[in-house]
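Working notes, beginning with the structure itself.
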Amino acid sequence: MTSCLTNCPAAAGGGDATPDPEAAALRVEAAGAGVQVLLDALAPAERVALVLHDVFGYSFDDVGAILGRSGTAARQLGSRARRKLQGIDEPAGAEAARAESRRVVDAFLAAARGGALAALLRLLAPDAVMRADLAGQRQGAEAVFEGAAAVAARFDGARGATPVTIDGELGAVWIFAGAVKVAFVFHVEEGLVREVELIAEPEVLATLDVVRVRRRGGPTQTS
């Protein structure tokens, strides 16, 4: 079977015009450049999640393992990237849910800084969990902190964490010598913190879109 890419008549006249290879190549190049512009508009982790899942067929659990993130986080990244590329508005209630998540995480970080253990416990789901990656474990963190009491004890009195947005969601990071060394990604459900990801692997940190949150004025990109 011959390929229509090289043997179909010209669409405009339906006649015998010979296709112009150079013009075709320019059209392909322009289309590729357009796709690249769209992909460049995504955060690094969004781009990886989208390409691995939608193009190469990886499950979100596998994408999460590659990114050093949870499967839930990978799914959120892929969905957000797809909506951006398609120009689709967020689902109804998504903005309200993000605002609620920001309120909960902001209260959680304030309680952590103030050493308010009781407040931390109120903001955590009873079965809350925090998971540390291998780099975090090498720095002394346990692999898993299970239950609200264990997670609250880890954050109680933690004053050095800097509030930031991570891939658009409120979180926190440890910064040393101007560089992010550890990131804390929060997953909130029904008004409670259900999961925290402790990320310290440099290659994974490099995929995160981290923006420092100022108490006054707008956010600024961290260096």
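As shown in the structure tokens, the chain order sets the letters A, B, ...; within each chain, residues go from 1, and ligands are also counted from 1 in the order they appear.
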Strand (DSSP E) residues, from DSSP on the backbone, in stretch 98-190 of chain A, as a count of residues only: 36
Close residues, stretch 146-152 of chain A itself excluded, 12 Å, only C-alpha atoms, min 2 positions apart in chain, as a ChimeraX atom specification: /A:108-109,111-113,115-132,141-144,154-158,186,192-198
With N, CA and C atoms retained, could you export that selection as a compact mmCIF listing (two decimals), in the first residue's frame?
# COMPACT_ATOMS: atom_id res chain seq x y z
N PHE A 108 -1.78 24.59 59.05
CA PHE A 108 -0.88 23.53 59.51
C PHE A 108 0.54 24.06 59.70
N LEU A 109 1.02 24.84 58.73
CA LEU A 109 2.38 25.36 58.83
C LEU A 109 2.49 26.38 59.97
N ALA A 111 0.71 26.28 62.72
CA ALA A 111 0.72 25.49 63.95
C ALA A 111 2.08 24.84 64.17
N ALA A 112 2.72 24.42 63.08
CA ALA A 112 4.05 23.81 63.20
C ALA A 112 5.06 24.83 63.72
N ARG A 113 5.03 26.03 63.14
CA ARG A 113 5.96 27.06 63.58
C ARG A 113 5.74 27.44 65.04
N GLY A 115 4.57 25.51 67.39
CA GLY A 115 4.64 24.39 68.33
C GLY A 115 3.29 24.03 68.91
N ALA A 116 2.23 24.22 68.13
CA ALA A 116 0.87 23.96 68.61
C ALA A 116 0.47 22.54 68.23
N LEU A 117 0.88 21.58 69.05
CA LEU A 117 0.66 20.17 68.74
C LEU A 117 -0.82 19.85 68.61
N ALA A 118 -1.64 20.37 69.50
CA ALA A 118 -3.07 20.08 69.45
C ALA A 118 -3.68 20.55 68.14
N ALA A 119 -3.26 21.73 67.66
CA ALA A 119 -3.78 22.25 66.40
C ALA A 119 -3.33 21.38 65.23
N LEU A 120 -2.10 20.91 65.27
CA LEU A 120 -1.61 20.01 64.22
C LEU A 120 -2.46 18.76 64.15
N LEU A 121 -2.76 18.19 65.30
CA LEU A 121 -3.55 16.96 65.34
C LEU A 121 -4.95 17.19 64.79
N ARG A 122 -5.51 18.36 65.05
CA ARG A 122 -6.85 18.66 64.54
C ARG A 122 -6.87 18.79 63.02
N LEU A 123 -5.74 19.17 62.45
CA LEU A 123 -5.67 19.38 61.00
C LEU A 123 -5.27 18.13 60.23
N LEU A 124 -4.92 17.07 60.93
CA LEU A 124 -4.49 15.82 60.29
C LEU A 124 -5.60 14.78 60.32
N ALA A 125 -5.75 14.04 59.21
CA ALA A 125 -6.65 12.89 59.22
C ALA A 125 -6.08 11.85 60.18
N PRO A 126 -6.92 11.09 60.87
CA PRO A 126 -6.42 10.09 61.81
C PRO A 126 -5.43 9.11 61.19
N ASP A 127 -5.64 8.77 59.91
CA ASP A 127 -4.74 7.83 59.24
C ASP A 127 -3.73 8.55 58.34
N ALA A 128 -3.42 9.79 58.67
CA ALA A 128 -2.46 10.56 57.87
C ALA A 128 -1.12 9.85 57.82
N VAL A 129 -0.40 10.09 56.72
CA VAL A 129 0.90 9.43 56.54
C VAL A 129 1.86 10.42 55.88
N MET A 130 3.12 10.35 56.23
CA MET A 130 4.16 11.10 55.53
C MET A 130 5.21 10.10 55.06
N ARG A 131 5.56 10.19 53.79
CA ARG A 131 6.55 9.29 53.20
C ARG A 131 7.77 10.08 52.77
N ALA A 132 8.94 9.58 53.14
CA ALA A 132 10.20 10.23 52.77
C ALA A 132 10.88 9.43 51.67
N ALA A 141 15.46 11.03 58.03
CA ALA A 141 14.02 10.85 58.15
C ALA A 141 13.65 9.38 58.09
N GLU A 142 12.59 9.01 58.77
CA GLU A 142 12.07 7.66 58.65
C GLU A 142 11.40 7.50 57.29
N ALA A 143 11.34 6.27 56.80
CA ALA A 143 10.73 6.04 55.49
C ALA A 143 9.26 6.42 55.50
N VAL A 144 8.56 6.07 56.58
CA VAL A 144 7.12 6.35 56.68
C VAL A 144 6.79 6.80 58.10
N ARG A 154 6.52 15.07 64.00
CA ARG A 154 7.60 15.43 63.07
C ARG A 154 7.60 16.92 62.77
N PHE A 155 6.41 17.55 62.75
CA PHE A 155 6.31 18.97 62.39
C PHE A 155 6.26 19.88 63.61
N ASP A 156 5.99 19.35 64.76
CA ASP A 156 5.81 20.18 65.95
C ASP A 156 7.07 21.02 66.23
N GLY A 157 6.92 22.34 66.19
CA GLY A 157 8.03 23.24 66.45
C GLY A 157 8.96 23.46 65.27
N ALA A 158 8.57 23.00 64.09
CA ALA A 158 9.42 23.17 62.90
C ALA A 158 9.29 24.60 62.39
N PHE A 186 1.80 18.58 50.32
CA PHE A 186 0.65 18.18 51.13
C PHE A 186 -0.53 17.79 50.24
N LEU A 192 -8.76 18.02 55.73
CA LEU A 192 -7.71 17.48 56.59
C LEU A 192 -6.50 17.06 55.75
N VAL A 193 -5.31 17.21 56.32
CA VAL A 193 -4.09 16.73 55.65
C VAL A 193 -4.08 15.20 55.74
N ARG A 194 -4.07 14.55 54.57
CA ARG A 194 -4.11 13.09 54.56
C ARG A 194 -2.75 12.48 54.22
N GLU A 195 -1.96 13.20 53.44
CA GLU A 195 -0.66 12.66 53.04
C GLU A 195 0.33 13.80 52.87
N VAL A 196 1.58 13.56 53.27
CA VAL A 196 2.67 14.52 53.06
C VAL A 196 3.80 13.77 52.37
N GLU A 197 4.33 14.35 51.31
CA GLU A 197 5.50 13.80 50.64
C GLU A 197 6.73 14.60 51.05
N LEU A 198 7.73 13.93 51.59
CA LEU A 198 9.01 14.55 51.91
C LEU A 198 9.96 14.21 50.77
Selection: 7 Å around A:Val173, only C-alpha atoms, excl. self and same-chain fewer than 5 positions, as an MDAnalysis selection string: chainID A and resid 161:164 180 182:184
Residues just named, written with N, CA and C atoms as a PDB file, in the first residue's frame:
ATOM      1  N   ALA A 161      10.857  25.873  58.002  1.00  0.00           N
ATOM      2  CA  ALA A 161      10.245  25.605  56.704  1.00  0.00           C
ATOM      3  C   ALA A 161       9.728  26.902  56.079  1.00  0.00           C
ATOM      4  N   THR A 162      10.014  27.088  54.817  1.00  0.00           N
ATOM      5  CA  THR A 162       9.588  28.281  54.082  1.00  0.00           C
ATOM      6  C   THR A 162       8.323  27.979  53.297  1.00  0.00           C
ATOM      7  N   PRO A 163       7.253  28.760  53.476  1.00  0.00           N
ATOM      8  CA  PRO A 163       6.035  28.535  52.690  1.00  0.00           C
ATOM      9  C   PRO A 163       6.287  28.828  51.207  1.00  0.00           C
ATOM     10  N   VAL A 164       5.816  27.930  50.366  1.00  0.00           N
ATOM     11  CA  VAL A 164       5.965  28.087  48.913  1.00  0.00           C
ATOM     12  C   VAL A 164       4.742  27.463  48.251  1.00  0.00           C
ATOM     13  N   VAL A 180      16.810  24.944  47.271  1.00  0.00           N
ATOM     14  CA  VAL A 180      15.841  24.069  47.930  1.00  0.00           C
ATOM     15  C   VAL A 180      16.477  22.705  48.164  1.00  0.00           C
ATOM     16  N   VAL A 182      14.904  20.346  50.630  1.00  0.00           N
ATOM     17  CA  VAL A 182      13.824  19.413  50.957  1.00  0.00           C
ATOM     18  C   VAL A 182      12.505  20.103  50.660  1.00  0.00           C
ATOM     19  N   ALA A 183      11.566  19.361  50.071  1.00  0.00           N
ATOM     20  CA  ALA A 183      10.223  19.890  49.814  1.00  0.00           C
ATOM     21  C   ALA A 183       9.194  19.029  50.522  1.00  0.00           C
ATOM     22  N   PHE A 184       8.160  19.696  51.029  1.00  0.00           N
ATOM     23  CA  PHE A 184       7.041  19.001  51.658  1.00  0.00           C
ATOM     24  C   PHE A 184       5.781  19.288  50.837  1.00  0.00           C
TER      25      PHE A 184
END
Those of stretch 91-144 of chain A in DSSP helix (DSSP H, G or I), formatted as a ChimeraX atom specification: /A:94-114,117-123,134-138
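Summary of the local environment: counting only C-alpha atoms, residues at most 10 Å from A:Ala206, other than itself and those fewer than 5 positions away along its chain, are Pro44, Ala45, Val180 and Glu201 of chain A.
Using only C-alpha atoms for every distance, the candidate list A:Gly78, A:Leu42, A:Ala73, A:Ile199 yields A:Gly78 as the residue closest to A:Tyr58.
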Within 7 Å of stretch 80-93 of chain A using only C-alpha atoms, minus same-chain residues under 3 positions, as a PyMOL selection string: chain A and resi 38+42+46-47+50+76-77+96-97
Go ahead and save the residues from that selection, with C-alpha atoms, as an mmCIF file, in the first residue's frame.
data_model
loop_
_atom_site.group_PDB
_atom_site.id
_atom_site.type_symbol
_atom_site.label_atom_id
_atom_site.label_comp_id
_atom_site.auth_asym_id
_atom_site.auth_seq_id
_atom_site.Cartn_x
_atom_site.Cartn_y
_atom_site.Cartn_z
ATOM 1 C CA LEU A 38 2.627 24.402 24.539
ATOM 2 C CA LEU A 42 3.865 23.368 31.552
ATOM 3 C CA GLU A 46 3.496 18.300 34.573
ATOM 4 C CA ARG A 47 5.326 17.808 31.290
ATOM 5 C CA LEU A 50 1.735 14.015 30.635
ATOM 6 C CA GLN A 76 -2.978 15.438 39.496
ATOM 7 C CA LEU A 77 0.011 16.638 37.490
ATOM 8 C CA ALA A 96 -12.788 26.131 45.905
ATOM 9 C CA ALA A 97 -11.030 22.859 46.728
#
